[in-house]
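Below is one structure, written out as structure tokens; comments come after it.
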Amino acid sequence: MEPIIRVENISRTFQANNGQVEAVKNISFSIEKGDIFGIIGLSGAGKSTLVRCLNLLEKPDEGNIYIDGKNLMELSAKELRKERQDIGMIFQHFNLLMQRTVLDNICFPLEIAGVARKEARKRAAELLETVGLSEKAKAYPAQLSGGQKQRVAIARVLANNPKILLCDEATSALDPQTTKSILKLLKEINQKYGITIVVITHEMAVIQEICSKVAVLDHGSLVEEGTVEELFRAPKTEEAKKLILNEVVHINEMRGKRMIRVTFGGKSAFEPMIGNVILEYKTPLNILYANTRTINGNAEGEMILQLPESKEIADRMIDYFKEKELGVEEVDNYVR
């Protein structure tokens, strides 16, 4: 079955004052219909350029982009405008029309598409109910909170029944509680309408909350790709490890010690692994960090453990965790 989005070897270079900047370097990946796909990286990784290439707001210098089997690079300007109606986009700063009411903001894309006023207002009212803002129909954007503005922006994007929704740092301007409510709304929209969602973010918490698959960017290159669970349990690249381990970088005492990161989920989350290994080897472990996260609706845990000085016992403890099918990796090179 053809993926709804297929990106083949795209590159995008900009001319800057200090020379050329390779924002996107020979990137390829596919996204299946109905997925919530995350693209993550630190500032300057090329995330926003990449997502703008998906609907050709930025035209790649090389490569091809297929949406539902159509190569956008081969379309005429008229054909591309029609194809973009199936690709909605929401941004960090909402981009609402301040002189229009909430209802009229949602009607705006329908007006452009030539939908009759009565039908447009009916559709807008339905979408306001979907995003939980029916009572705000006559309000203006200046009277709304940040979370409410983003809900209006989402409703407006849904007006044209898009197949794909691109979210470029859509929660970056929101507080954590509001972010959670917006992510919950996006997940409900994905499940209700079957819309494929692409989430661009620098926050691992956003990826873990909503996405099923993820691609990691670093300085314009795609360095790692897979399920969110795979990335969390066993990040393979330096960039992915930085993103996963960014919560523990403040623990300076960990520097120079032999440490392991242990990840666990499913039944192992309920077994006393630490107690068992201490009893097994009659040697204490130092728990420097522990946390449980929700990833795609499931509990996943992690711990940073300082191992005993004895290399033999430390190695046997590592083998013990691996035998129990836990994720294990040494992290001394990744914590600053």
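Going through the structure tokens in order, the chains are called A, B, and so on, while each chain numbers its residues from 1 and the ligands are numbered from 1 in the order shown.
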
Practice problem: Apply DSSP to the backbone of this structure and, from region 20-267 of chain A, keep only the residues in alpha helix (DSSP H); write these as a PyMOL selection string. | Solution: chain A and resi 47-54+77-84+102-112+117-130+146-158+176-193+204-210+228-233+238-245

Generate a file of the selected residues that holds C-alpha atoms, formatted as a compact mmCIF listing (two decimals), in the first residue's frame.
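Output saved as out-v2.txt:
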# COMPACT_ATOMS: atom_id res chain seq x y z
CA LYS A 47 12.77 20.80 11.05
CA SER A 48 10.73 23.80 9.88
CA THR A 49 12.38 23.83 6.45
CA LEU A 50 11.62 20.13 6.05
CA VAL A 51 7.94 20.47 6.99
CA ARG A 52 7.52 23.43 4.62
CA CYS A 53 8.96 21.25 1.86
CA LEU A 54 6.17 18.72 2.39
CA ALA A 77 0.90 25.92 -10.04
CA LYS A 78 -2.86 25.34 -10.41
CA GLU A 79 -2.58 21.63 -9.66
CA LEU A 80 -0.38 22.34 -6.65
CA ARG A 81 -2.92 24.82 -5.20
CA LYS A 82 -5.61 22.13 -5.49
CA GLU A 83 -3.38 19.51 -3.88
CA ARG A 84 -2.56 21.84 -0.96
CA VAL A 102 -13.96 33.03 15.95
CA LEU A 103 -16.77 31.69 13.73
CA ASP A 104 -15.74 33.92 10.82
CA ASN A 105 -12.09 32.85 11.18
CA ILE A 106 -13.15 29.25 10.65
CA CYS A 107 -15.38 30.24 7.73
CA PHE A 108 -12.51 32.04 5.96
CA PRO A 109 -10.98 29.05 4.08
CA LEU A 110 -14.48 27.92 3.10
CA GLU A 111 -15.20 31.37 1.63
CA ILE A 112 -12.00 31.12 -0.43
CA ARG A 117 -22.23 31.32 3.47
CA LYS A 118 -24.98 29.31 5.18
CA GLU A 119 -23.21 26.01 4.60
CA ALA A 120 -19.86 27.49 5.69
CA ARG A 121 -21.28 28.78 8.97
CA LYS A 122 -22.92 25.43 9.67
CA ARG A 123 -19.61 23.64 9.07
CA ALA A 124 -17.75 26.18 11.25
CA ALA A 125 -20.22 25.66 14.11
CA GLU A 126 -19.69 21.88 13.90
CA LEU A 127 -15.93 22.32 14.05
CA LEU A 128 -16.18 24.68 17.02
CA GLU A 129 -18.03 21.92 18.83
CA THR A 130 -15.28 19.45 17.84
CA GLY A 146 -3.32 30.92 23.81
CA GLY A 147 -4.81 27.44 24.00
CA GLN A 148 -8.18 28.67 22.75
CA LYS A 149 -6.52 30.47 19.83
CA GLN A 150 -4.75 27.27 18.85
CA ARG A 151 -8.04 25.36 19.01
CA VAL A 152 -9.58 27.92 16.63
CA ALA A 153 -6.58 27.53 14.32
CA ILE A 154 -7.07 23.75 14.35
CA ALA A 155 -10.78 24.11 13.60
CA ARG A 156 -10.01 26.46 10.71
CA VAL A 157 -7.55 23.97 9.22
CA LEU A 158 -10.13 21.17 9.49
CA PRO A 176 2.51 22.49 29.82
CA GLN A 177 -1.12 21.93 30.87
CA THR A 178 -2.49 23.64 27.74
CA THR A 179 0.02 21.71 25.62
CA LYS A 180 -1.37 18.44 26.97
CA SER A 181 -4.94 19.46 26.12
CA ILE A 182 -3.96 20.45 22.56
CA LEU A 183 -2.09 17.18 22.04
CA LYS A 184 -5.10 15.26 23.35
CA LEU A 185 -7.30 17.14 20.86
CA LEU A 186 -4.96 16.32 17.97
CA LYS A 187 -5.01 12.64 18.94
CA GLU A 188 -8.83 12.68 19.04
CA ILE A 189 -8.93 14.33 15.60
CA ASN A 190 -6.54 11.68 14.25
CA GLN A 191 -8.76 8.90 15.58
CA LYS A 192 -12.09 10.47 14.60
CA TYR A 193 -11.23 11.63 11.09
CA MET A 204 10.70 14.96 23.45
CA ALA A 205 7.68 15.14 25.78
CA VAL A 206 5.47 16.13 22.82
CA ILE A 207 6.72 13.18 20.74
CA GLN A 208 6.15 10.75 23.61
CA GLU A 209 2.66 12.06 24.30
CA ILE A 210 1.20 11.76 20.81
CA VAL A 228 8.89 6.20 19.61
CA GLU A 229 9.33 3.18 21.88
CA GLU A 230 12.49 2.15 19.97
CA LEU A 231 13.93 5.65 20.23
CA PHE A 232 13.18 5.88 23.95
CA ARG A 233 14.49 2.43 24.88
CA GLU A 238 24.41 11.00 19.71
CA GLU A 239 21.64 13.46 18.77
CA ALA A 240 18.87 11.08 19.83
CA LYS A 241 20.64 10.41 23.13
CA LYS A 242 20.87 14.13 23.84
CA LEU A 243 17.13 14.52 23.26
CA ILE A 244 16.25 11.53 25.44
CA LEU A 245 18.67 12.31 28.26

Could you list, as an mmCIF file with N, CA and C atoms, in the first residue's frame, every residue within 6 Å of region 211-217 of chain A, counting only C-alpha atoms and ignoring same-chain residues fewer than 3 positions away?
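Saved to part29.cif:
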data_model
loop_
_atom_site.group_PDB
_atom_site.id
_atom_site.type_symbol
_atom_site.label_atom_id
_atom_site.label_comp_id
_atom_site.auth_asym_id
_atom_site.auth_seq_id
_atom_site.Cartn_x
_atom_site.Cartn_y
_atom_site.Cartn_z
ATOM 1 N N ILE A 36 0.556 9.290 13.324
ATOM 2 C CA ILE A 36 0.994 10.561 13.908
ATOM 3 C C ILE A 36 2.511 10.464 13.956
ATOM 4 N N PHE A 37 3.155 11.196 13.071
ATOM 5 C CA PHE A 37 4.595 11.067 12.826
ATOM 6 C C PHE A 37 5.316 12.296 13.368
ATOM 7 N N GLY A 38 6.316 12.086 14.201
ATOM 8 C CA GLY A 38 7.056 13.197 14.791
ATOM 9 C C GLY A 38 8.383 13.442 14.088
ATOM 10 N N ILE A 39 8.727 14.709 13.926
ATOM 11 C CA ILE A 39 10.052 15.094 13.439
ATOM 12 C C ILE A 39 10.664 15.985 14.509
ATOM 13 N N ILE A 40 11.774 15.528 15.092
ATOM 14 C CA ILE A 40 12.344 16.217 16.247
ATOM 15 C C ILE A 40 13.818 16.535 16.017
ATOM 16 N N GLY A 41 14.247 17.626 16.630
ATOM 17 C CA GLY A 41 15.649 18.022 16.568
ATOM 18 C C GLY A 41 15.829 19.318 17.334
ATOM 19 N N ALA A 45 18.184 22.361 13.374
ATOM 20 C CA ALA A 45 18.284 21.012 12.810
ATOM 21 C C ALA A 45 17.685 20.915 11.412
ATOM 22 N N ILE A 207 6.618 14.409 21.541
ATOM 23 C CA ILE A 207 6.720 13.184 20.743
ATOM 24 C C ILE A 207 6.175 11.995 21.523
ATOM 25 N N SER A 221 20.323 16.725 8.491
ATOM 26 C CA SER A 221 20.341 15.314 8.105
ATOM 27 C C SER A 221 19.402 14.498 8.987
ATOM 28 N N LEU A 222 18.790 13.476 8.390
ATOM 29 C CA LEU A 222 17.986 12.542 9.160
ATOM 30 C C LEU A 222 18.937 11.492 9.725
ATOM 31 N N VAL A 223 19.078 11.464 11.054
ATOM 32 C CA VAL A 223 20.095 10.602 11.669
ATOM 33 C C VAL A 223 19.510 9.347 12.304
ATOM 34 N N GLU A 224 18.195 9.346 12.552
ATOM 35 C CA GLU A 224 17.585 8.168 13.186
ATOM 36 C C GLU A 224 16.084 8.187 12.924
ATOM 37 N N GLU A 225 15.500 7.000 12.755
ATOM 38 C CA GLU A 225 14.067 6.895 12.483
ATOM 39 C C GLU A 225 13.554 5.577 13.038
ATOM 40 N N GLY A 226 12.332 5.588 13.562
ATOM 41 C CA GLY A 226 11.741 4.359 14.070
ATOM 42 C C GLY A 226 10.523 4.658 14.911
ATOM 43 N N THR A 227 10.058 3.670 15.684
ATOM 44 C CA THR A 227 8.942 3.909 16.594
ATOM 45 C C THR A 227 9.432 4.738 17.773
ATOM 46 N N VAL A 228 8.516 5.399 18.443
ATOM 47 C CA VAL A 228 8.887 6.203 19.606
ATOM 48 C C VAL A 228 9.433 5.297 20.710
#

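Separating CA of Met273 (chain A) from CA of Glu330 (chain A) is a distance of 17.7 Å.
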
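The smallest atom-to-atom distance between Gly46 (chain A) and any of A:Ile274, A:Ala16, A:Ile200, A:Ile5, using only C-alpha atoms, is found for A:Ile200.
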
Give me the residues within 6 Å of Thr13 (chain A) as an mmCIF file with C-alpha atoms, in the first residue's frame, counting only C-alpha atoms and dropping any in the same chain fewer than 5 places off.
data_model
loop_
_atom_site.group_PDB
_atom_site.id
_atom_site.type_symbol
_atom_site.label_atom_id
_atom_site.label_comp_id
_atom_site.auth_asym_id
_atom_site.auth_seq_id
_atom_site.Cartn_x
_atom_site.Cartn_y
_atom_site.Cartn_z
ATOM 1 C CA VAL A 21 23.394 26.903 4.493
ATOM 2 C CA GLU A 22 22.339 23.305 3.857
ATOM 3 C CA ALA A 23 19.042 23.284 5.763
#

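Ranking A:Met89, A:Arg258, A:Ile295, A:Asp218 by their shortest atom-to-atom distance to Val24 (chain A), with only C-alpha atoms included, puts A:Asp218 first.
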
Excluding region 164-167 of chain A and any residue of its chain fewer than 5 positions from it, enumerate the residues within 6 Å of it, using only C-alpha atoms, and give them as a short mmCIF file (atom, residue, chain, number, x, y, z; two decimals) with N, CA, C and O atoms, in the first residue's frame.
data_model
loop_
_atom_site.label_atom_id
_atom_site.label_comp_id
_atom_site.auth_asym_id
_atom_site.auth_seq_id
_atom_site.Cartn_x
_atom_site.Cartn_y
_atom_site.Cartn_z
N ILE A 87 -3.77 19.44 2.48
CA ILE A 87 -2.68 19.51 3.45
C ILE A 87 -2.86 20.74 4.33
O ILE A 87 -2.56 21.86 3.92
N GLY A 88 -3.38 20.55 5.53
CA GLY A 88 -3.56 21.66 6.46
C GLY A 88 -2.28 21.92 7.24
O GLY A 88 -1.43 21.04 7.38
N MET A 89 -2.14 23.13 7.77
CA MET A 89 -0.94 23.47 8.53
C MET A 89 -1.29 24.39 9.69
O MET A 89 -2.03 25.36 9.52
N ILE A 90 -0.78 24.07 10.87
CA ILE A 90 -0.95 24.96 12.02
C ILE A 90 0.43 25.34 12.55
O ILE A 90 1.38 24.57 12.47
N ILE A 195 -7.11 11.53 9.98
CA ILE A 195 -6.16 12.47 9.38
C ILE A 195 -4.73 12.10 9.79
O ILE A 195 -4.46 11.85 10.97
N THR A 196 -3.83 12.05 8.82
CA THR A 196 -2.42 11.83 9.10
C THR A 196 -1.83 13.13 9.64
O THR A 196 -2.01 14.19 9.06
N ILE A 197 -1.11 13.03 10.77
CA ILE A 197 -0.56 14.23 11.41
C ILE A 197 0.95 14.15 11.46
O ILE A 197 1.52 13.12 11.83
N VAL A 198 1.60 15.24 11.07
CA VAL A 198 3.06 15.36 11.16
C VAL A 198 3.36 16.44 12.19
O VAL A 198 2.93 17.59 12.04
N VAL A 199 4.07 16.07 13.24
CA VAL A 199 4.36 16.98 14.35
C VAL A 199 5.83 17.37 14.33
O VAL A 199 6.72 16.51 14.41
N ILE A 200 6.09 18.67 14.19
CA ILE A 200 7.46 19.20 14.24
C ILE A 200 7.68 19.79 15.62
O ILE A 200 6.91 20.63 16.08
#

Practice problem: Take CA of Glu62 (chain A) and CA of Asn26 (chain A) and report the distance between them in Å, one decimal. | Solution: 8.0 Å

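Using only C-alpha atoms, the protein and nucleic acid residues lying no more than 8 Å from Phe321 (chain A), apart from those fewer than 5 places from it along its own chain, are A:Val262, A:Met273, A:Leu326, A:Gly327, A:Val328.
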
Practice problem: Check the DSSP output for the backbone and give back, as a ChimeraX atom specification, the residues of region 155-335 of chain A in strand (DSSP E or B). | Solution: /A:164-168,196-201,213-218,221-227,259-265,286-295,298-306,327-330

Could you dump the residues just selected with C-alpha atoms as a compact mmCIF listing (two decimals), in the first residue's frame?
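So selection-v5.txt came out as:
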# COMPACT_ATOMS: atom_id res chain seq x y z
CA ILE A 164 -2.81 15.61 6.24
CA LEU A 165 -2.19 18.04 9.10
CA LEU A 166 1.27 19.60 9.49
CA CYS A 167 1.97 21.00 12.98
CA ASP A 168 5.04 23.25 13.08
CA THR A 196 -2.42 11.83 9.10
CA ILE A 197 -0.56 14.23 11.41
CA VAL A 198 3.06 15.36 11.16
CA VAL A 199 4.36 16.98 14.35
CA ILE A 200 7.46 19.20 14.24
CA THR A 201 8.97 19.86 17.67
CA LYS A 213 6.83 7.04 14.85
CA VAL A 214 9.62 9.60 14.88
CA ALA A 215 12.50 10.91 12.78
CA VAL A 216 15.46 12.69 14.39
CA LEU A 217 17.16 15.55 12.52
CA ASP A 218 20.63 16.93 13.16
CA SER A 221 20.34 15.31 8.10
CA LEU A 222 17.99 12.54 9.16
CA VAL A 223 20.09 10.60 11.67
CA GLU A 224 17.58 8.17 13.19
CA GLU A 225 14.07 6.89 12.48
CA GLY A 226 11.74 4.36 14.07
CA THR A 227 8.94 3.91 16.59
CA MET A 259 26.64 4.44 34.86
CA ILE A 260 23.96 2.65 32.90
CA ARG A 261 20.58 3.74 31.64
CA VAL A 262 17.98 0.99 32.12
CA THR A 263 14.64 1.19 30.32
CA PHE A 264 11.64 -0.99 31.02
CA GLY A 265 7.96 -1.37 30.21
CA ASN A 286 23.01 3.95 43.51
CA ILE A 287 19.87 5.20 41.75
CA LEU A 288 20.78 8.64 40.39
CA TYR A 289 17.63 9.24 38.39
CA ALA A 290 14.30 7.50 37.76
CA ASN A 291 11.23 8.44 35.77
CA THR A 292 8.14 6.95 34.16
CA ARG A 293 6.71 8.39 30.95
CA THR A 294 3.61 7.73 28.91
CA ILE A 295 4.57 6.80 25.35
CA ASN A 298 1.76 2.94 27.54
CA ALA A 299 3.94 3.35 30.63
CA GLU A 300 7.69 3.28 29.93
CA GLY A 301 10.25 3.70 32.69
CA GLU A 302 13.92 4.63 32.85
CA MET A 303 16.62 4.76 35.51
CA ILE A 304 20.20 5.98 35.62
CA LEU A 305 22.14 3.64 37.91
CA GLN A 306 25.66 4.09 39.29
CA GLY A 327 17.09 -1.96 27.69
CA VAL A 328 20.63 -1.29 28.94
CA GLU A 329 23.28 1.16 27.77
CA GLU A 330 26.22 2.91 29.40

Quiz item: In Å to one decimal, how far is CA of Leu279 (chain A) from CA of Glu323 (chain A)?
Solution: 16.2 Å
